[in-house]
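Structure below is coords_27.txt: compact mmCIF, C-alpha atoms.
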```txt
# COMPACT_ATOMS: atom_id res chain seq x y z
CA MET L 1 -79.22 -121.41 188.05
CA LEU L 2 -81.83 -122.51 185.52
CA LEU L 3 -84.42 -120.17 187.00
CA VAL L 4 -82.13 -117.21 186.57
CA SER L 5 -81.21 -117.99 182.98
CA GLY L 6 -84.87 -118.72 182.26
CA SER L 7 -85.90 -115.22 183.22
CA VAL L 8 -83.03 -113.71 181.25
CA MET L 9 -84.02 -115.75 178.20
CA ALA L 10 -87.64 -114.63 178.53
CA HIS L 11 -86.51 -111.19 177.42
CA GLY L 12 -85.02 -112.78 174.32
CA HIS L 13 -83.06 -109.80 173.17
CA HIS L 14 -80.75 -109.80 176.19
CA SER L 15 -79.71 -113.39 175.62
CA HIS L 16 -77.14 -112.94 172.88
CA GLY L 17 -74.13 -111.98 174.97
CA ALA L 18 -72.06 -109.04 173.70
CA PRO L 19 -73.60 -107.12 170.80
CA MET L 20 -72.26 -108.17 167.41
CA SER L 21 -69.48 -106.12 165.84
CA GLU L 22 -69.90 -105.00 162.24
CA ALA L 23 -67.60 -107.79 161.06
CA GLU L 24 -69.61 -110.39 163.01
CA GLN L 25 -72.85 -109.01 161.56
CA LYS L 26 -71.44 -109.24 158.02
CA ALA L 27 -70.16 -112.76 158.67
CA SER L 28 -73.62 -113.79 159.86
CA GLU L 29 -74.90 -112.69 156.44
CA GLY L 30 -72.29 -114.83 154.67
CA VAL L 31 -69.79 -112.08 153.84
CA PHE L 32 -66.28 -112.53 155.28
CA ASP L 33 -62.65 -113.18 154.39
CA ASP L 34 -61.42 -116.74 154.83
CA ASN L 35 -58.66 -115.51 157.16
CA GLN L 36 -61.30 -114.21 159.60
CA VAL L 37 -62.49 -117.76 160.33
CA GLN L 38 -61.24 -119.20 163.64
CA ASN L 39 -61.42 -122.57 165.40
CA ARG L 40 -64.19 -123.00 167.96
CA ALA L 41 -64.68 -125.37 170.88
CA LEU L 42 -67.81 -127.44 171.42
CA THR L 43 -68.46 -125.29 174.52
CA ASP L 44 -69.78 -122.59 172.14
CA TRP L 45 -72.84 -124.83 171.79
CA ASP L 46 -73.15 -125.91 175.43
CA GLY L 47 -76.68 -126.12 176.76
CA MET L 48 -80.04 -127.76 176.17
CA TRP L 49 -81.56 -127.19 172.73
CA GLN L 50 -84.94 -127.90 171.13
CA SER L 51 -85.78 -128.65 167.51
CA VAL L 52 -87.93 -126.00 165.83
CA TYR L 53 -89.48 -128.59 163.50
CA PRO L 54 -92.55 -129.19 165.75
CA TYR L 55 -93.28 -125.44 165.62
CA LEU L 56 -93.28 -125.58 161.82
CA VAL L 57 -95.62 -128.59 161.83
CA SER L 58 -98.00 -126.94 164.31
CA GLY L 59 -98.18 -123.77 162.19
CA GLU L 60 -96.62 -121.56 164.87
CA LEU L 61 -93.84 -120.47 162.49
CA ASP L 62 -96.25 -119.32 159.77
CA PRO L 63 -95.71 -115.60 160.61
CA VAL L 64 -91.99 -116.11 159.90
CA PHE L 65 -92.65 -117.56 156.43
CA LYS L 66 -95.18 -114.81 155.72
CA LYS L 67 -92.58 -112.15 156.52
CA LYS L 68 -89.98 -113.89 154.32
CA ALA L 69 -92.50 -113.99 151.45
CA GLU L 70 -93.10 -110.24 151.84
CA LYS L 71 -89.36 -109.66 151.48
CA ASP L 72 -88.86 -112.10 148.60
CA LYS L 73 -91.74 -111.66 146.15
CA SER L 74 -90.57 -114.59 143.98
CA LYS L 75 -91.97 -117.16 146.43
CA THR L 76 -95.22 -117.61 148.31
CA ALA L 77 -95.27 -118.16 152.06
CA GLU L 78 -96.36 -121.74 151.32
CA GLN L 79 -93.36 -122.38 149.02
CA ILE L 80 -91.03 -120.95 151.66
CA LYS L 81 -92.65 -123.14 154.30
CA GLU L 82 -92.05 -126.24 152.13
CA TYR L 83 -88.37 -125.32 151.80
CA TYR L 84 -88.06 -125.05 155.59
CA ARG L 85 -90.15 -128.18 156.10
CA LYS L 86 -87.37 -130.09 154.29
CA GLY L 87 -84.69 -128.07 156.03
CA TYR L 88 -85.95 -128.42 159.61
CA ALA L 89 -87.13 -132.05 159.32
CA THR L 90 -85.70 -134.25 162.10
CA ASN L 91 -86.84 -136.78 164.68
CA VAL L 92 -84.25 -135.57 167.24
CA ASP L 93 -86.42 -133.51 169.62
CA THR L 94 -83.71 -132.13 171.87
CA ILE L 95 -79.92 -132.02 172.06
CA GLY L 96 -77.93 -131.55 175.26
CA ILE L 97 -74.27 -130.49 175.13
CA GLU L 98 -71.90 -130.41 178.10
CA ASN L 99 -68.25 -131.37 178.76
CA ASP L 100 -67.74 -132.23 175.06
CA VAL L 101 -70.55 -134.81 175.31
CA MET L 102 -73.60 -134.52 173.09
CA GLU L 103 -76.90 -136.22 173.97
CA PHE L 104 -79.52 -136.73 171.29
CA HIS L 105 -83.11 -137.28 172.46
CA THR L 106 -85.59 -138.93 170.08
CA GLY L 107 -88.84 -139.59 171.90
CA SER L 108 -87.80 -141.63 174.94
CA GLN L 109 -84.55 -142.79 173.29
CA VAL L 110 -81.27 -141.11 174.23
CA VAL L 111 -77.90 -141.67 172.57
CA SER L 112 -74.72 -139.84 173.49
CA CYS L 113 -71.02 -139.61 172.73
CA LYS L 114 -67.98 -137.50 173.52
CA TYR L 115 -67.00 -135.52 170.44
CA ASP L 116 -63.56 -134.49 169.21
CA TYR L 117 -63.06 -131.33 167.18
CA ALA L 118 -62.15 -132.02 163.57
CA GLY L 119 -61.63 -128.49 162.22
CA TYR L 120 -63.87 -126.40 160.00
CA LYS L 121 -64.82 -126.12 156.34
CA ILE L 122 -65.64 -122.93 154.48
CA LEU L 123 -68.44 -123.44 151.99
CA HIS L 124 -69.05 -121.28 148.92
CA TYR L 125 -72.72 -121.13 147.98
CA LYS L 126 -74.23 -120.49 144.55
CA SER L 127 -75.56 -117.17 145.84
CA GLY L 128 -71.99 -115.91 146.20
CA LYS L 129 -72.31 -115.99 150.00
CA LYS L 130 -70.15 -118.20 152.21
CA GLY L 131 -70.73 -120.34 155.27
CA VAL L 132 -68.62 -122.16 157.82
CA ARG L 133 -69.30 -125.58 159.25
CA TYR L 134 -67.56 -126.74 162.42
CA LEU L 135 -66.83 -130.47 162.38
CA PHE L 136 -66.89 -132.89 165.32
CA GLU L 137 -66.44 -136.67 165.51
CA CYS L 138 -67.53 -139.45 167.84
CA LYS L 139 -64.71 -142.02 168.12
CA ASP L 140 -66.59 -144.43 170.42
CA ALA L 141 -67.42 -147.45 168.24
CA ASP L 142 -70.09 -148.63 170.72
CA SER L 143 -72.02 -145.35 170.68
CA LYS L 144 -75.25 -145.15 168.70
CA ALA L 145 -74.86 -141.36 168.38
CA PRO L 146 -74.01 -139.90 164.95
CA LYS L 147 -70.33 -140.46 164.13
CA TYR L 148 -70.07 -137.14 162.33
CA VAL L 149 -71.62 -133.84 163.36
CA GLN L 150 -71.33 -130.38 161.78
CA PHE L 151 -72.56 -127.09 163.23
CA SER L 152 -73.47 -124.03 161.20
CA ASP L 153 -74.67 -120.97 163.11
CA HIS L 154 -73.62 -117.95 161.03
CA ILE L 155 -70.72 -117.37 163.45
CA ILE L 156 -67.09 -117.76 162.32
CA ALA L 157 -65.06 -117.23 165.52
CA PRO L 158 -65.40 -118.18 169.20
CA ARG L 159 -68.76 -116.94 170.50
CA LYS L 160 -71.71 -118.56 172.26
CA SER L 161 -74.31 -119.78 169.83
CA SER L 162 -77.90 -118.47 170.10
CA HIS L 163 -79.29 -121.05 167.62
CA PHE L 164 -77.74 -123.48 165.17
CA HIS L 165 -78.24 -125.74 162.17
CA ILE L 166 -76.78 -129.20 162.60
CA PHE L 167 -75.81 -131.92 160.14
CA MET L 168 -75.54 -135.48 161.46
CA GLY L 169 -74.51 -138.73 159.81
CA ASN L 170 -72.46 -141.91 159.90
CA THR L 171 -70.86 -141.96 156.44
CA SER L 172 -68.17 -139.24 156.46
CA GLN L 173 -67.64 -135.53 157.00
CA ALA L 174 -67.29 -135.15 153.22
CA ALA L 175 -70.71 -136.70 152.65
CA LEU L 176 -72.28 -134.35 155.22
CA LEU L 177 -70.69 -131.32 153.55
CA GLU L 178 -72.72 -132.19 150.43
CA GLU L 179 -75.99 -131.93 152.38
CA MET L 180 -77.70 -128.64 151.54
CA GLU L 181 -81.41 -129.43 151.91
CA ASN L 182 -81.78 -130.81 155.43
CA TRP L 183 -80.37 -128.74 158.29
CA PRO L 184 -82.25 -129.45 161.53
CA THR L 185 -82.34 -126.22 163.52
CA TYR L 186 -82.22 -125.80 167.30
CA TYR L 187 -83.02 -122.95 169.68
CA PRO L 188 -82.52 -122.79 173.46
CA TYR L 189 -84.75 -125.31 175.22
CA GLN L 190 -86.29 -122.77 177.58
CA LEU L 191 -87.78 -120.63 174.79
CA LYS L 192 -91.49 -121.08 174.18
CA GLY L 193 -92.98 -121.23 170.68
CA GLU L 194 -93.84 -117.53 170.53
CA GLU L 195 -90.34 -116.61 171.75
CA VAL L 196 -88.77 -118.72 168.99
CA VAL L 197 -90.98 -116.90 166.47
CA ASP L 198 -89.91 -113.57 167.99
CA GLU L 199 -86.23 -114.50 167.69
CA MET L 200 -86.67 -115.58 164.06
CA LEU L 201 -88.52 -112.38 163.14
CA HIS L 202 -86.01 -110.04 164.75
CA HIS L 203 -82.60 -111.64 164.19
```
Could you render the structure as structure tokens?
Amino acid sequence: MLLVSGSVMAHGHHSHGAPMSEAEQKASEGVFDDNQVQNRALTDWDGMWQSVYPYLVSGELDPVFKKKAEKDKSKTAEQIKEYYRKGYATNVDTIGIENDVMEFHTGSQVVSCKYDYAGYKILHYKSGKKGVRYLFECKDADSKAPKYVQFSDHIIAPRKSSHFHIFMGNTSQAALLEEMENWPTYYPYQLKGEEVVDEMLHH
């Protein structure tokens, strides 16, 4: 199967499932009514995912920051890169998700846990936009995996994720909801650096 999905993913633009409706597009931009938000299962994030942080460090994402700077004249590409450097920073290289189990790979270390859904929270940002975080919890006291995990992927109802920001910690869900500066970001594992750049530039 992997070979098949690999070739589908290579075309990037065919990998997002059904095209987004207008409401989904608006929601992805942070504009939606609270009553549009629906519960989602962890299966929406099933798959093998890679951190984009190494691509930032290597300079491969520079075209993305350059384009953002062209759109937003108030910041230089370098300032934007610094913002994302904080945002993307993580030592978790890859994340695997299957059967409600999440595996976190850091170098040669792997920790995993089965996660229970703990609802969602709608966040109101200073910009006037909104976001939704989907909350999951690891109840296994022996697991070294993060006890609390939150997903944010600009999607507010059941739909397969094409990339996501994740918040991980051991204090509480409430503490994680306060985190606004560090949001490690993951794309499908089979995408190469230039394909990640392509996705970021066009979506």
Kindly provide the residues of stretch 26-135 of chain L that approach stretch 150-162 of chain L to within 7 Å, each paired with its closest atom pair and their distance in Å to one decimal, based on only C-alpha atoms, listed by chain and increasing number, as CSV.
```
residue,atom,partner,partner_atom,distance
L:Ala27,CA,L:Ile155,CA,6.7
L:Ser28,CA,L:His154,CA,4.3
L:Val37,CA,L:Ile156,CA,5.0
L:Gln38,CA,L:Ala157,CA,4.7
L:Asn39,CA,L:Ala157,CA,6.5
L:Arg40,CA,L:Pro158,CA,5.1
L:Asp44,CA,L:Lys160,CA,4.5
L:Trp45,CA,L:Ser161,CA,5.6
L:Gly131,CA,L:His154,CA,6.9
L:Val132,CA,L:Ser152,CA,6.2
L:Arg133,CA,L:Ser152,CA,4.9
L:Tyr134,CA,L:Phe151,CA,5.1
L:Leu135,CA,L:Gln150,CA,4.5
```
Put those residues in a file: C-alpha atoms, as an mmCIF file, in the coordinates of the input.
```cif
data_model
loop_
_atom_site.group_PDB
_atom_site.id
_atom_site.type_symbol
_atom_site.label_atom_id
_atom_site.label_comp_id
_atom_site.auth_asym_id
_atom_site.auth_seq_id
_atom_site.Cartn_x
_atom_site.Cartn_y
_atom_site.Cartn_z
ATOM 1 C CA ALA L 27 -70.160 -112.760 158.670
ATOM 2 C CA SER L 28 -73.620 -113.790 159.860
ATOM 3 C CA VAL L 37 -62.490 -117.760 160.330
ATOM 4 C CA GLN L 38 -61.240 -119.200 163.640
ATOM 5 C CA ASN L 39 -61.420 -122.570 165.400
ATOM 6 C CA ARG L 40 -64.190 -123.000 167.960
ATOM 7 C CA ASP L 44 -69.780 -122.590 172.140
ATOM 8 C CA TRP L 45 -72.840 -124.830 171.790
ATOM 9 C CA GLY L 131 -70.730 -120.340 155.270
ATOM 10 C CA VAL L 132 -68.620 -122.160 157.820
ATOM 11 C CA ARG L 133 -69.300 -125.580 159.250
ATOM 12 C CA TYR L 134 -67.560 -126.740 162.420
ATOM 13 C CA LEU L 135 -66.830 -130.470 162.380
#
```
Exercise. How would you write as an MDAnalysis selection string the residues that get within 6 Å of (-73.1, -126.0, 175.6) in the file's frame, counting only C-alpha atoms?
Worked result: chainID L and resid 43:47 97:98
Give me, as a tab-separated table, each residue of stretch 94-178 of chain L that comes within 12 Å of stretch 78-89 of chain L, together with its shortest interatomic pair and the distance in Å at one decimal, counting all atoms listed in the file, with rows ordered by chain and rising residue number.
```
residue	atom	partner	partner_atom	distance
L:Phe164	CA	L:Tyr88	CA	11.1
L:His165	CA	L:Tyr88	CA	8.6
L:Ile166	CA	L:Tyr88	CA	9.7
L:Phe167	CA	L:Gly87	CA	10.5
```
Keeping only C-alpha atoms, write the selected residues to a file as a PDB file, in the frame of the given file.
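To be explicit, this is the file written out as part37.pdb:
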```
ATOM      1  CA  PHE L 164     -77.740-123.480 165.170  1.00  0.00           C
ATOM      2  CA  HIS L 165     -78.240-125.740 162.170  1.00  0.00           C
ATOM      3  CA  ILE L 166     -76.780-129.200 162.600  1.00  0.00           C
ATOM      4  CA  PHE L 167     -75.810-131.920 160.140  1.00  0.00           C
TER       5      PHE L 167
END
```
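The environment of L:Gly96 within 6 Å, counting only C-alpha atoms and disregarding residues fewer than 4 places along the same chain, consists of Gly47, Met48, Met102 and Glu103 of chain L.
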Problem set entry | Residue neighbourhood L:Asn170, 6 Å, only C-alpha atoms, exclusion window fewer than 5 positions, as a list of chain:residue names | L:Pro146, L:Lys147, L:Tyr148
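Here atom CA of L:Asp116 and atom CA of L:Phe136 stand 5.4 Å from one another.
Taking only C-alpha atoms into account, L:Phe32 lies nearest to L:Leu123 out of the set L:Leu123, L:Cys113, L:Val52, L:Ala18.
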Problem set entry | Length of the atom CA of L:Asp62 to atom CA of L:Thr76 vector [Å] | 11.6 Å
